[in-house]
Amino acid sequence: MKRSTINLLLLGAVIALLMITLYEPGVESRPEPIKLLSLSADEVNEITINNRLQKSVLLKRDSQQNWQMVEPLQVRANHHKVESVLKILQQEPTNRFALRRDKLASYGLDNPQVELILNGEQRLTFGSQTPLNTYRYLQLGDEVLTIKDSAFYPIASRYTNFIDSKLIPDGALLASITLPEYQIQLTEAGWQAEPFNSELKEMDELNGDLIAQWIDQWRYASSVDIEPIGMTDSEFGEVVVTLRSGEKLRWSIADQHDGLILQRPDLGIEYHLSGPQREALLLPPQPKTQSLDQEATL
C-alpha cells in the first residue's frame with residue numbers, strides 16, 4: 001500500500017476519533033444552563049431591598065453610571081457591595097416548581113425577611129433555607145426556586161454596608177483640612193500648615209511635598225466599617241474638610257484610642273478606622289529633620 005494512502009487512512013481515523021470525542025454519538029448534548037433572570041447587571045439601574053429586620057434600601061445608578069443610595073440616606077453607594085447584590089443574576093436555580101399558596105410557610109415565604117426588586121419590576125422574594133441549609137427558597141412570579149444560600153447574605157446586609165466607605169468622594173479637590181489643633185490649606189504658594197497650638201510650632205518647617213503626602217492620606221482614606229451612630233461619652237473635637245467647590249464635610253471625633261471613629265451627625269452614621277489610619281489622619285505630618293532624630297533615638 002502506498003505511503004500516501006496510509007497517511008490518508010490515518011488522517012481519517014484521527015478525524016473520526018475527534019468527532020466521537022466532541023459529539024459522543026448516542027448521548028444528548030447538555031442544555032445551556034438556565035439563569036435566574038434574562039436581565040444582565042448592566043441593565044439594572046434601580047435596586048430596592050425591603051428587609052423586615054433592617055431599614056429598606058433604594059439604590060439608583062446616576063448619569064455617570066455611579067451608584068447612589070437614595071433611601072434611607074442620600075449618600076454615595078459602595079460600588080462593590082452593589083455588585084455583590086447583582087451577582088444574584090448569575091445564579092442557576094438547582095430546582096424550580098410551581099408555587100402552591102398553601103405551602104408558603106414550608107418555604108418561609110409566608111412572612112419573608114427580604115425582598116429584592118430590580119428596575120421596579122422584577123421581584124424576588126427570599127424564603128428560608130432548604131433542609132440541608134446549602135440552598136435557599138426563592139419566589140419568582142408563580143414559581144419557587146432554590147438557589148445557593150450564599151447569594152442571600154449580601155442582599156440581606158444592614159443598610160450601612162451599602163454606603164461608600166471612602167471619606168472623601170473620588171475626584172474631589174481639597175482646599176483645606178481643619179483639625180482641633182491645626183489647619184492645612186491650599187494657598188497661592190501651595191499647601192501650608194497653620195498650628196493653633198504653640199507646641200506644634202515645628203509645623204512651620206513643613207514643605208509642600210510632605211504636606212501633599214499627608215493630604216493624600218485623607219483623599220484615599222476608607223473606613224473598615226460603617227455603623228449607625230452610637231453614643232459616646234467623649235468629645236475630641238471636629239474635623240472639617242473643605243472642598244474647592246465650597247462644600248464642607250464635617251466629622252465629630254468620637255474615639256481615638258484603639259482606632260478612630262468619625263461621626264457624621266447629619267447622616268446618623270459613623271466611620272470606623274484602624275489605629276494606623278488614626279495616626280496617619282490625625283497626627284500632623286512630621287518635618288524630615290524631626291523624623292531622622294526620632295529614628296536615631298529608636
# chains A, B, ... in the order shown; residues from 1 in each chain; ligands from 1
call {"tool": "residues_around", "arguments": {"residues": "Leu99 of chain A", "least_positions_apart": "3", "cutoff": "6 Å", "atoms": "only C-alpha atoms", "output": "ChimeraX atom specification"}}
result
/A:142-144
call {"tool": "write_last_selection", "arguments": {"atoms": "N, CA and C atoms", "output": "PDB file, in the first residue's frame"}}
result
ATOM      1  N   ASP A 142     -44.849  33.005  39.786  1.00  0.00           N
ATOM      2  CA  ASP A 142     -45.666  31.882  40.253  1.00  0.00           C
ATOM      3  C   ASP A 142     -44.841  30.630  40.469  1.00  0.00           C
ATOM      4  N   GLU A 143     -43.529  30.804  40.627  1.00  0.00           N
ATOM      5  CA  GLU A 143     -42.647  29.661  40.832  1.00  0.00           C
ATOM      6  C   GLU A 143     -41.865  29.803  42.132  1.00  0.00           C
ATOM      7  N   VAL A 144     -41.443  28.665  42.662  1.00  0.00           N
ATOM      8  CA  VAL A 144     -40.490  28.610  43.765  1.00  0.00           C
ATOM      9  C   VAL A 144     -39.222  27.965  43.222  1.00  0.00           C
TER      10      VAL A 144
END
call {"tool": "residues_around", "arguments": {"residues": "segment 269-277 of chain A", "least_positions_apart": "3", "cutoff": "10 Å", "atoms": "only C-alpha atoms", "output": "ChimeraX atom specification"}}
result
/A:73,160,163,165-167,217-218,221-230,251-266,280-283
call {"tool": "write_last_selection", "arguments": {"atoms": "C-alpha atoms", "output": "PDB file, in the first residue's frame"}}
result
ATOM      1  CA  LEU A  73     -29.886  58.216  53.218  1.00  0.00           C
ATOM      2  CA  THR A 160     -24.874  50.924  56.189  1.00  0.00           C
ATOM      3  CA  ILE A 163     -22.651  53.200  51.872  1.00  0.00           C
ATOM      4  CA  SER A 165     -16.567  53.526  52.714  1.00  0.00           C
ATOM      5  CA  LYS A 166     -14.423  56.395  51.381  1.00  0.00           C
ATOM      6  CA  LEU A 167     -14.438  59.541  53.487  1.00  0.00           C
ATOM      7  CA  GLN A 217      -3.867  60.046  53.304  1.00  0.00           C
ATOM      8  CA  TRP A 218      -7.193  61.856  53.657  1.00  0.00           C
ATOM      9  CA  ALA A 221      -8.927  57.100  53.340  1.00  0.00           C
ATOM     10  CA  SER A 222     -11.576  54.365  53.623  1.00  0.00           C
ATOM     11  CA  SER A 223     -13.247  53.074  56.756  1.00  0.00           C
ATOM     12  CA  VAL A 224     -13.129  49.431  57.742  1.00  0.00           C
ATOM     13  CA  ASP A 225     -16.784  49.598  58.826  1.00  0.00           C
ATOM     14  CA  ILE A 226     -19.754  51.966  58.849  1.00  0.00           C
ATOM     15  CA  GLU A 227     -22.375  51.730  61.578  1.00  0.00           C
ATOM     16  CA  PRO A 228     -25.389  53.698  62.759  1.00  0.00           C
ATOM     17  CA  ILE A 229     -24.154  56.461  65.029  1.00  0.00           C
ATOM     18  CA  GLY A 230     -23.592  55.364  68.604  1.00  0.00           C
ATOM     19  CA  TRP A 251     -16.960  64.723  61.248  1.00  0.00           C
ATOM     20  CA  SER A 252     -17.014  64.623  65.031  1.00  0.00           C
ATOM     21  CA  ILE A 253     -14.087  62.706  66.513  1.00  0.00           C
ATOM     22  CA  ALA A 254     -15.857  60.237  68.803  1.00  0.00           C
ATOM     23  CA  ASP A 255     -12.942  57.973  69.709  1.00  0.00           C
ATOM     24  CA  GLN A 256      -9.226  57.983  69.066  1.00  0.00           C
ATOM     25  CA  HIS A 257      -7.817  55.305  71.349  1.00  0.00           C
ATOM     26  CA  ASP A 258      -7.503  51.863  69.740  1.00  0.00           C
ATOM     27  CA  GLY A 259      -8.712  53.189  66.423  1.00  0.00           C
ATOM     28  CA  LEU A 260     -10.609  56.169  65.112  1.00  0.00           C
ATOM     29  CA  ILE A 261     -14.356  56.775  64.960  1.00  0.00           C
ATOM     30  CA  LEU A 262     -15.554  59.712  62.877  1.00  0.00           C
ATOM     31  CA  GLN A 263     -19.240  60.521  63.241  1.00  0.00           C
ATOM     32  CA  ARG A 264     -21.492  62.239  60.724  1.00  0.00           C
ATOM     33  CA  PRO A 265     -24.358  63.526  62.908  1.00  0.00           C
ATOM     34  CA  ASP A 266     -26.084  64.931  59.823  1.00  0.00           C
ATOM     35  CA  ALA A 280      -1.953  58.935  59.534  1.00  0.00           C
ATOM     36  CA  LEU A 281      -5.010  61.202  59.579  1.00  0.00           C
ATOM     37  CA  LEU A 282      -4.900  62.990  62.921  1.00  0.00           C
ATOM     38  CA  LEU A 283      -1.204  63.382  63.677  1.00  0.00           C
TER      39      LEU A 283
END
call {"tool": "select_by_dssp", "arguments": {"residues": "segment 52-244 of chain A", "states": "strand (DSSP E or B)", "output": "PyMOL selection string"}}
result
chain A and resi 57-61+67-71+75-77+95-98+114-118+122-129+135-140+143-148+163+166+174-178+182-187+190-195+222+225-228+238-243
call {"tool": "select_by_dssp", "arguments": {"residues": "segment 19-218 of chain A", "states": "alpha helix (DSSP H)", "output": "PDB file with N, CA and C atoms, in the first residue's frame"}}
result
ATOM      1  N   MET A  19     -14.352  13.417  16.119  1.00  0.00           N
ATOM      2  CA  MET A  19     -15.799  13.603  16.048  1.00  0.00           C
ATOM      3  C   MET A  19     -16.503  12.854  17.165  1.00  0.00           C
ATOM      4  N   ILE A  20     -16.013  11.633  17.448  1.00  0.00           N
ATOM      5  CA  ILE A  20     -16.624  10.840  18.520  1.00  0.00           C
ATOM      6  C   ILE A  20     -16.444  11.537  19.866  1.00  0.00           C
ATOM      7  N   THR A  21     -15.232  12.083  20.069  1.00  0.00           N
ATOM      8  CA  THR A  21     -14.935  12.750  21.332  1.00  0.00           C
ATOM      9  C   THR A  21     -15.806  13.990  21.532  1.00  0.00           C
ATOM     10  N   LEU A  22     -15.961  14.773  20.440  1.00  0.00           N
ATOM     11  CA  LEU A  22     -16.696  16.027  20.542  1.00  0.00           C
ATOM     12  C   LEU A  22     -18.194  15.827  20.632  1.00  0.00           C
ATOM     13  N   TYR A  23     -18.713  14.934  19.852  1.00  0.00           N
ATOM     14  CA  TYR A  23     -20.176  14.830  19.718  1.00  0.00           C
ATOM     15  C   TYR A  23     -20.782  13.633  20.443  1.00  0.00           C
ATOM     16  N   HIS A  79     -19.782  50.690  45.536  1.00  0.00           N
ATOM     17  CA  HIS A  79     -19.893  50.020  44.244  1.00  0.00           C
ATOM     18  C   HIS A  79     -19.725  48.504  44.379  1.00  0.00           C
ATOM     19  N   HIS A  80     -18.776  48.076  45.186  1.00  0.00           N
ATOM     20  CA  HIS A  80     -18.507  46.638  45.312  1.00  0.00           C
ATOM     21  C   HIS A  80     -19.666  45.912  45.995  1.00  0.00           C
ATOM     22  N   LYS A  81     -20.292  46.568  46.967  1.00  0.00           N
ATOM     23  CA  LYS A  81     -21.430  45.935  47.646  1.00  0.00           C
ATOM     24  C   LYS A  81     -22.637  45.843  46.708  1.00  0.00           C
ATOM     25  N   VAL A  82     -22.807  46.833  45.840  1.00  0.00           N
ATOM     26  CA  VAL A  82     -23.891  46.765  44.856  1.00  0.00           C
ATOM     27  C   VAL A  82     -23.623  45.622  43.867  1.00  0.00           C
ATOM     28  N   GLU A  83     -22.381  45.477  43.456  1.00  0.00           N
ATOM     29  CA  GLU A  83     -22.032  44.383  42.546  1.00  0.00           C
ATOM     30  C   GLU A  83     -22.314  43.032  43.184  1.00  0.00           C
ATOM     31  N   SER A  84     -22.074  42.919  44.488  1.00  0.00           N
ATOM     32  CA  SER A  84     -22.328  41.642  45.169  1.00  0.00           C
ATOM     33  C   SER A  84     -23.815  41.315  45.179  1.00  0.00           C
ATOM     34  N   VAL A  85     -24.666  42.339  45.211  1.00  0.00           N
ATOM     35  CA  VAL A  85     -26.118  42.114  45.124  1.00  0.00           C
ATOM     36  C   VAL A  85     -26.486  41.627  43.724  1.00  0.00           C
ATOM     37  N   LEU A  86     -25.919  42.250  42.704  1.00  0.00           N
ATOM     38  CA  LEU A  86     -26.265  41.912  41.323  1.00  0.00           C
ATOM     39  C   LEU A  86     -25.744  40.545  40.892  1.00  0.00           C
ATOM     40  N   GLY A 208       5.951  71.658  51.079  1.00  0.00           N
ATOM     41  CA  GLY A 208       4.725  71.345  50.348  1.00  0.00           C
ATOM     42  C   GLY A 208       4.588  69.880  49.987  1.00  0.00           C
ATOM     43  N   ASP A 209       5.701  69.225  49.648  1.00  0.00           N
ATOM     44  CA  ASP A 209       5.636  67.810  49.265  1.00  0.00           C
ATOM     45  C   ASP A 209       5.202  66.942  50.436  1.00  0.00           C
ATOM     46  N   LEU A 210       5.733  67.247  51.616  1.00  0.00           N
ATOM     47  CA  LEU A 210       5.381  66.461  52.801  1.00  0.00           C
ATOM     48  C   LEU A 210       3.904  66.648  53.148  1.00  0.00           C
ATOM     49  N   ILE A 211       3.431  67.866  53.027  1.00  0.00           N
ATOM     50  CA  ILE A 211       2.013  68.129  53.309  1.00  0.00           C
ATOM     51  C   ILE A 211       1.134  67.431  52.273  1.00  0.00           C
ATOM     52  N   ALA A 212       1.555  67.463  51.006  1.00  0.00           N
ATOM     53  CA  ALA A 212       0.765  66.828  49.941  1.00  0.00           C
ATOM     54  C   ALA A 212       0.622  65.333  50.198  1.00  0.00           C
ATOM     55  N   GLN A 213       1.687  64.692  50.718  1.00  0.00           N
ATOM     56  CA  GLN A 213       1.611  63.273  51.050  1.00  0.00           C
ATOM     57  C   GLN A 213       0.594  63.038  52.164  1.00  0.00           C
ATOM     58  N   TRP A 214       0.565  63.949  53.136  1.00  0.00           N
ATOM     59  CA  TRP A 214      -0.399  63.826  54.233  1.00  0.00           C
ATOM     60  C   TRP A 214      -1.819  64.040  53.710  1.00  0.00           C
ATOM     61  N   ILE A 215      -1.988  64.998  52.818  1.00  0.00           N
ATOM     62  CA  ILE A 215      -3.298  65.253  52.217  1.00  0.00           C
ATOM     63  C   ILE A 215      -3.804  64.000  51.508  1.00  0.00           C
ATOM     64  N   ASP A 216      -2.893  63.292  50.834  1.00  0.00           N
ATOM     65  CA  ASP A 216      -3.287  62.070  50.122  1.00  0.00           C
ATOM     66  C   ASP A 216      -3.828  61.018  51.082  1.00  0.00           C
ATOM     67  N   GLN A 217      -3.338  60.996  52.323  1.00  0.00           N
ATOM     68  CA  GLN A 217      -3.867  60.046  53.304  1.00  0.00           C
ATOM     69  C   GLN A 217      -5.356  60.272  53.498  1.00  0.00           C
ATOM     70  N   TRP A 218      -5.775  61.533  53.527  1.00  0.00           N
ATOM     71  CA  TRP A 218      -7.193  61.856  53.657  1.00  0.00           C
ATOM     72  C   TRP A 218      -7.944  61.583  52.358  1.00  0.00           C
TER      73      TRP A 218
END
call {"tool": "atom_distance", "arguments": {"atom1": "atom CA of Asn197 of chain A", "atom2": "atom CA of Pro180 of chain A"}}
result
9.3 Å
